[in-house]
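The file model-v6.pdb comes next; it holds PDB, C-alpha atoms, pLDDT in the B column.
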```pdb
ATOM      1  CA  MET A   2      -1.621-117.302-111.053  1.00 60.00           C
ATOM      2  CA  PHE A   3       0.372-118.155-114.088  1.00 69.00           C
ATOM      3  CA  ASP A   4       3.271-120.558-113.729  1.00 75.00           C
ATOM      4  CA  PHE A   5       6.268-119.090-115.527  1.00 77.00           C
ATOM      5  CA  GLU A   6       8.088-122.430-115.464  1.00 83.00           C
ATOM      6  CA  LEU A   7       5.435-123.716-117.895  1.00 85.00           C
ATOM      7  CA  LEU A   8       6.113-120.801-120.278  1.00 84.00           C
ATOM      8  CA  ILE A   9       9.533-122.114-121.383  1.00 85.00           C
ATOM      9  CA  PRO A  10       8.321-125.559-122.589  1.00 86.00           C
ATOM     10  CA  LEU A  11       5.255-124.012-124.267  1.00 86.00           C
ATOM     11  CA  THR A  12       7.462-121.538-126.102  1.00 88.00           C
ATOM     12  CA  ALA A  13       9.820-124.325-127.143  1.00 89.00           C
ATOM     13  CA  ILE A  14       6.940-126.478-128.399  1.00 88.00           C
ATOM     14  CA  PHE A  15       5.522-123.513-130.318  1.00 86.00           C
ATOM     15  CA  PHE A  16       8.847-122.806-132.031  1.00 87.00           C
ATOM     16  CA  VAL A  17       9.669-126.465-132.693  1.00 90.00           C
ATOM     17  CA  ILE A  18       6.259-127.532-134.010  1.00 90.00           C
ATOM     18  CA  GLY A  19       4.110-124.435-134.576  1.00 88.00           C
ATOM     19  CA  VAL A  20       6.453-122.287-136.612  1.00 88.00           C
ATOM     20  CA  PRO A  21       7.328-125.002-139.176  1.00 90.00           C
ATOM     21  CA  VAL A  22       3.649-125.931-139.510  1.00 90.00           C
ATOM     22  CA  LEU A  23       2.701-122.293-140.069  1.00 88.00           C
ATOM     23  CA  ALA A  24       5.553-121.883-142.557  1.00 89.00           C
ATOM     24  CA  ALA A  25       4.482-124.970-144.506  1.00 89.00           C
ATOM     25  CA  ALA A  26       0.857-123.859-144.552  1.00 87.00           C
ATOM     26  CA  THR A  27       1.853-120.402-145.702  1.00 86.00           C
ATOM     27  CA  HIS A  28       4.119-121.858-148.361  1.00 85.00           C
ATOM     28  CA  PHE A  29       1.451-124.155-149.798  1.00 86.00           C
ATOM     29  CA  VAL A  30      -1.333-121.576-149.626  1.00 85.00           C
ATOM     30  CA  LEU A  31       0.338-118.283-150.487  1.00 85.00           C
ATOM     31  CA  ARG A  32       2.864-119.444-153.073  1.00 86.00           C
ATOM     32  CA  PRO A  33       0.259-120.609-155.650  1.00 85.00           C
ATOM     33  CA  LEU A  34      -1.824-117.536-154.884  1.00 86.00           C
ATOM     34  CA  VAL A  35       1.119-115.190-155.485  1.00 85.00           C
ATOM     35  CA  ARG A  36       2.098-117.131-158.635  1.00 86.00           C
ATOM     36  CA  ASP A  37      -1.452-116.830-159.999  1.00 84.00           C
ATOM     37  CA  VAL A  38      -1.659-113.132-159.240  1.00 84.00           C
ATOM     38  CA  THR A  39       1.711-112.344-160.837  1.00 84.00           C
ATOM     39  CA  GLY A  40       0.828-114.521-163.821  1.00 81.00           C
ATOM     40  CA  ALA A  41      -2.457-112.703-164.275  1.00 80.00           C
ATOM     41  CA  ILE A  42      -0.764-109.328-164.064  1.00 80.00           C
ATOM     42  CA  SER A  43       1.947-110.248-166.558  1.00 77.00           C
ATOM     43  CA  GLY A  44      -0.630-111.915-168.815  1.00 76.00           C
ATOM     44  CA  LYS A  45      -2.699-108.738-168.874  1.00 74.00           C
ATOM     45  CA  ASN A  46       0.415-106.713-169.602  1.00 72.00           C
ATOM     46  CA  GLN A  47       1.340-109.053-172.446  1.00 75.00           C
ATOM     47  CA  GLU A  48      -2.174-108.893-173.907  1.00 76.00           C
ATOM     48  CA  ALA A  49      -2.174-105.107-173.624  1.00 76.00           C
ATOM     49  CA  SER A  50       1.248-104.974-175.253  1.00 80.00           C
ATOM     50  CA  GLU A  51       0.090-107.160-178.151  1.00 83.00           C
ATOM     51  CA  ASP A  52      -3.024-105.018-178.563  1.00 84.00           C
ATOM     52  CA  LEU A  53      -0.987-101.816-178.592  1.00 85.00           C
ATOM     53  CA  THR A  54       1.477-103.291-181.093  1.00 88.00           C
ATOM     54  CA  GLU A  55      -1.395-104.250-183.394  1.00 90.00           C
ATOM     55  CA  ARG A  56      -3.005-100.816-183.095  1.00 91.00           C
ATOM     56  CA  ILE A  57       0.282 -99.052-183.803  1.00 92.00           C
ATOM     57  CA  GLY A  58       0.767-101.240-186.869  1.00 92.00           C
ATOM     58  CA  ARG A  59      -2.668-100.287-188.169  1.00 94.00           C
ATOM     59  CA  ILE A  60      -1.960 -96.601-187.544  1.00 94.00           C
ATOM     60  CA  GLU A  61       1.366 -96.832-189.387  1.00 95.00           C
ATOM     61  CA  GLN A  62      -0.345 -98.541-192.336  1.00 96.00           C
ATOM     62  CA  ALA A  63      -3.036 -95.855-192.422  1.00 95.00           C
ATOM     63  CA  ILE A  64      -0.362 -93.136-192.442  1.00 95.00           C
ATOM     64  CA  LEU A  65       1.464 -94.845-195.310  1.00 95.00           C
ATOM     65  CA  ASP A  66      -1.795 -95.154-197.264  1.00 96.00           C
ATOM     66  CA  GLN A  67      -2.580 -91.489-196.705  1.00 96.00           C
ATOM     67  CA  GLY A  68       0.926 -90.531-197.836  1.00 95.00           C
ATOM     68  CA  GLN A  69       0.436 -92.476-201.072  1.00 96.00           C
ATOM     69  CA  GLN A  70      -2.934 -90.814-201.642  1.00 96.00           C
ATOM     70  CA  ILE A  71      -1.398 -87.385-201.071  1.00 95.00           C
ATOM     71  CA  ASP A  72       1.364 -88.169-203.564  1.00 95.00           C
ATOM     72  CA  ARG A  73      -1.255 -89.175-206.161  1.00 96.00           C
ATOM     73  CA  LEU A  74      -3.257 -86.015-205.507  1.00 95.00           C
ATOM     74  CA  ILE A  75      -0.153 -83.833-205.880  1.00 95.00           C
ATOM     75  CA  GLU A  76       0.688 -85.566-209.154  1.00 95.00           C
ATOM     76  CA  ALA A  77      -2.889 -85.139-210.426  1.00 94.00           C
ATOM     77  CA  GLU A  78      -2.921 -81.455-209.442  1.00 94.00           C
ATOM     78  CA  SER A  79       0.395 -80.887-211.181  1.00 93.00           C
ATOM     79  CA  PHE A  80      -0.941 -82.583-214.319  1.00 93.00           C
ATOM     80  CA  ARG A  81      -4.136 -80.471-214.178  1.00 92.00           C
ATOM     81  CA  ARG A  82      -2.103 -77.266-213.864  1.00 92.00           C
ATOM     82  CA  GLN A  83       0.013 -78.273-216.849  1.00 90.00           C
ATOM     83  CA  LEU A  84      -3.143 -78.890-218.878  1.00 89.00           C
ATOM     84  CA  GLU A  85      -4.635 -75.543-217.876  1.00 86.00           C
ATOM     85  CA  ALA A  86      -1.380 -73.737-218.646  1.00 84.00           C
ATOM     86  CA  GLY A  87      -1.388 -75.286-222.105  1.00 79.00           C
ATOM     87  CA  ARG A  88      -4.989 -74.174-222.758  1.00 72.00           C
ATOM     88  CA  LYS A  89      -4.357 -70.627-221.571  1.00 69.00           C
ATOM     89  CA  ALA A  90      -1.434 -70.251-223.931  1.00 62.00           C
ATOM     90  CA  GLY A  91      -3.865 -70.849-226.770  1.00 60.00           C
ATOM     91  CA  SER A  92      -1.800 -73.448-228.480  1.00 60.00           C
ATOM     92  CA  PRO A  93      -3.511 -76.676-229.424  1.00 60.00           C
ATOM     93  CA  PRO A  94      -1.974 -79.883-228.183  1.00 59.00           C
ATOM     94  CA  GLU A  95       0.566 -81.440-230.448  1.00 63.00           C
ATOM     95  CA  LEU A  96      -0.358 -84.742-231.970  1.00 61.00           C
ATOM     96  CA  GLU A  97       2.294 -87.239-232.842  1.00 64.00           C
ATOM     97  CA  GLY A  98       1.612 -89.757-235.400  1.00 49.00           C
TER      98      GLY A  98
END
```

Could you write out this file's structure as structure tokens?
Amino acid sequence: MFDFELLIPLTAIFFVIGVPVLAAATHFVLRPLVRDVTGAISGKNQEASEDLTERIGRIEQAILDQGQQIDRLIEAESFRRQLEAGRKAGSPPELEG
């Protein structure tokens, strides 16, 4: 059968030598892996954030451009209505000179 007196020294050897070796191996293997994974995730988030910021900037510029075009169209329509109102009244345009 199994000798239980041998179990105590084996357990002590495992905890004195095995646990620190496993901890060191885990530290040197998993730490760079975790650092790379978190770096990749944050890098993707940063790239996505920069892309979204650029897209929002382009959308804002397009909205400003459309607003300026609308203002010009309103001004042109107002001018056209003034011209038509002057023609309907039957009075010729006044010339200064």

note = Expressed in Å, the length from atom CA of Ala24 of chain A to atom CA of Thr12 of chain A is 16.6 Å

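Our summary of the geometry notes that atom CA of Pro21 of chain A is positioned 18.5 Å from atom CA of Pro33 of chain A.
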
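Across the model, the gap from atom CA of Asp37 of chain A to atom CA of Val20 of chain A is 25.3 Å.
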
Centre and size of axis-aligned box enclosing segment 32-35 of chain A plus 3 Å each side, as lines of an AutoDock Vina configuration file:
```
center_x = 0.5
center_y = -117.9
center_z = -154.4
size_x = 10.7
size_y = 11.4
size_z = 8.6
```

Please produce segment 45-57 of chain A, completed to N, CA and C atoms, as a PDB file, keeping the file's coordinate frame.
```pdb
ATOM      1  N   LYS A  45      -1.965-109.938-168.458  1.00 74.00           N
ATOM      2  CA  LYS A  45      -2.699-108.738-168.874  1.00 74.00           C
ATOM      3  C   LYS A  45      -1.755-107.757-169.541  1.00 74.00           C
ATOM      4  N   ASN A  46      -0.554-107.616-168.993  1.00 72.00           N
ATOM      5  CA  ASN A  46       0.415-106.713-169.602  1.00 72.00           C
ATOM      6  C   ASN A  46       0.803-107.198-170.989  1.00 72.00           C
ATOM      7  N   GLN A  47       0.962-108.504-171.145  1.00 75.00           N
ATOM      8  CA  GLN A  47       1.340-109.053-172.446  1.00 75.00           C
ATOM      9  C   GLN A  47       0.211-108.856-173.447  1.00 75.00           C
ATOM     10  N   GLU A  48      -1.037-109.098-173.019  1.00 76.00           N
ATOM     11  CA  GLU A  48      -2.174-108.893-173.907  1.00 76.00           C
ATOM     12  C   GLU A  48      -2.295-107.425-174.293  1.00 76.00           C
ATOM     13  N   ALA A  49      -2.102-106.536-173.340  1.00 76.00           N
ATOM     14  CA  ALA A  49      -2.174-105.107-173.624  1.00 76.00           C
ATOM     15  C   ALA A  49      -1.062-104.708-174.576  1.00 76.00           C
ATOM     16  N   SER A  50       0.116-105.279-174.374  1.00 80.00           N
ATOM     17  CA  SER A  50       1.248-104.974-175.253  1.00 80.00           C
ATOM     18  C   SER A  50       0.972-105.445-176.672  1.00 80.00           C
ATOM     19  N   GLU A  51       0.413-106.658-176.823  1.00 83.00           N
ATOM     20  CA  GLU A  51       0.090-107.160-178.151  1.00 83.00           C
ATOM     21  C   GLU A  51      -0.980-106.299-178.809  1.00 83.00           C
ATOM     22  N   ASP A  52      -1.966-105.864-178.027  1.00 84.00           N
ATOM     23  CA  ASP A  52      -3.024-105.018-178.563  1.00 84.00           C
ATOM     24  C   ASP A  52      -2.457-103.676-179.028  1.00 84.00           C
ATOM     25  N   LEU A  53      -1.589-103.091-178.213  1.00 85.00           N
ATOM     26  CA  LEU A  53      -0.987-101.816-178.592  1.00 85.00           C
ATOM     27  C   LEU A  53      -0.103-101.959-179.829  1.00 85.00           C
ATOM     28  N   THR A  54       0.631-103.057-179.924  1.00 88.00           N
ATOM     29  CA  THR A  54       1.477-103.291-181.093  1.00 88.00           C
ATOM     30  C   THR A  54       0.620-103.401-182.347  1.00 88.00           C
ATOM     31  N   GLU A  55      -0.493-104.108-182.246  1.00 90.00           N
ATOM     32  CA  GLU A  55      -1.395-104.250-183.394  1.00 90.00           C
ATOM     33  C   GLU A  55      -1.993-102.900-183.792  1.00 90.00           C
ATOM     34  N   ARG A  56      -2.416-102.126-182.805  1.00 91.00           N
ATOM     35  CA  ARG A  56      -3.005-100.816-183.095  1.00 91.00           C
ATOM     36  C   ARG A  56      -1.982 -99.882-183.724  1.00 91.00           C
ATOM     37  N   ILE A  57      -0.765 -99.901-183.228  1.00 92.00           N
ATOM     38  CA  ILE A  57       0.282 -99.052-183.803  1.00 92.00           C
ATOM     39  C   ILE A  57       0.569 -99.462-185.233  1.00 92.00           C
TER      40      ILE A  57
END
```
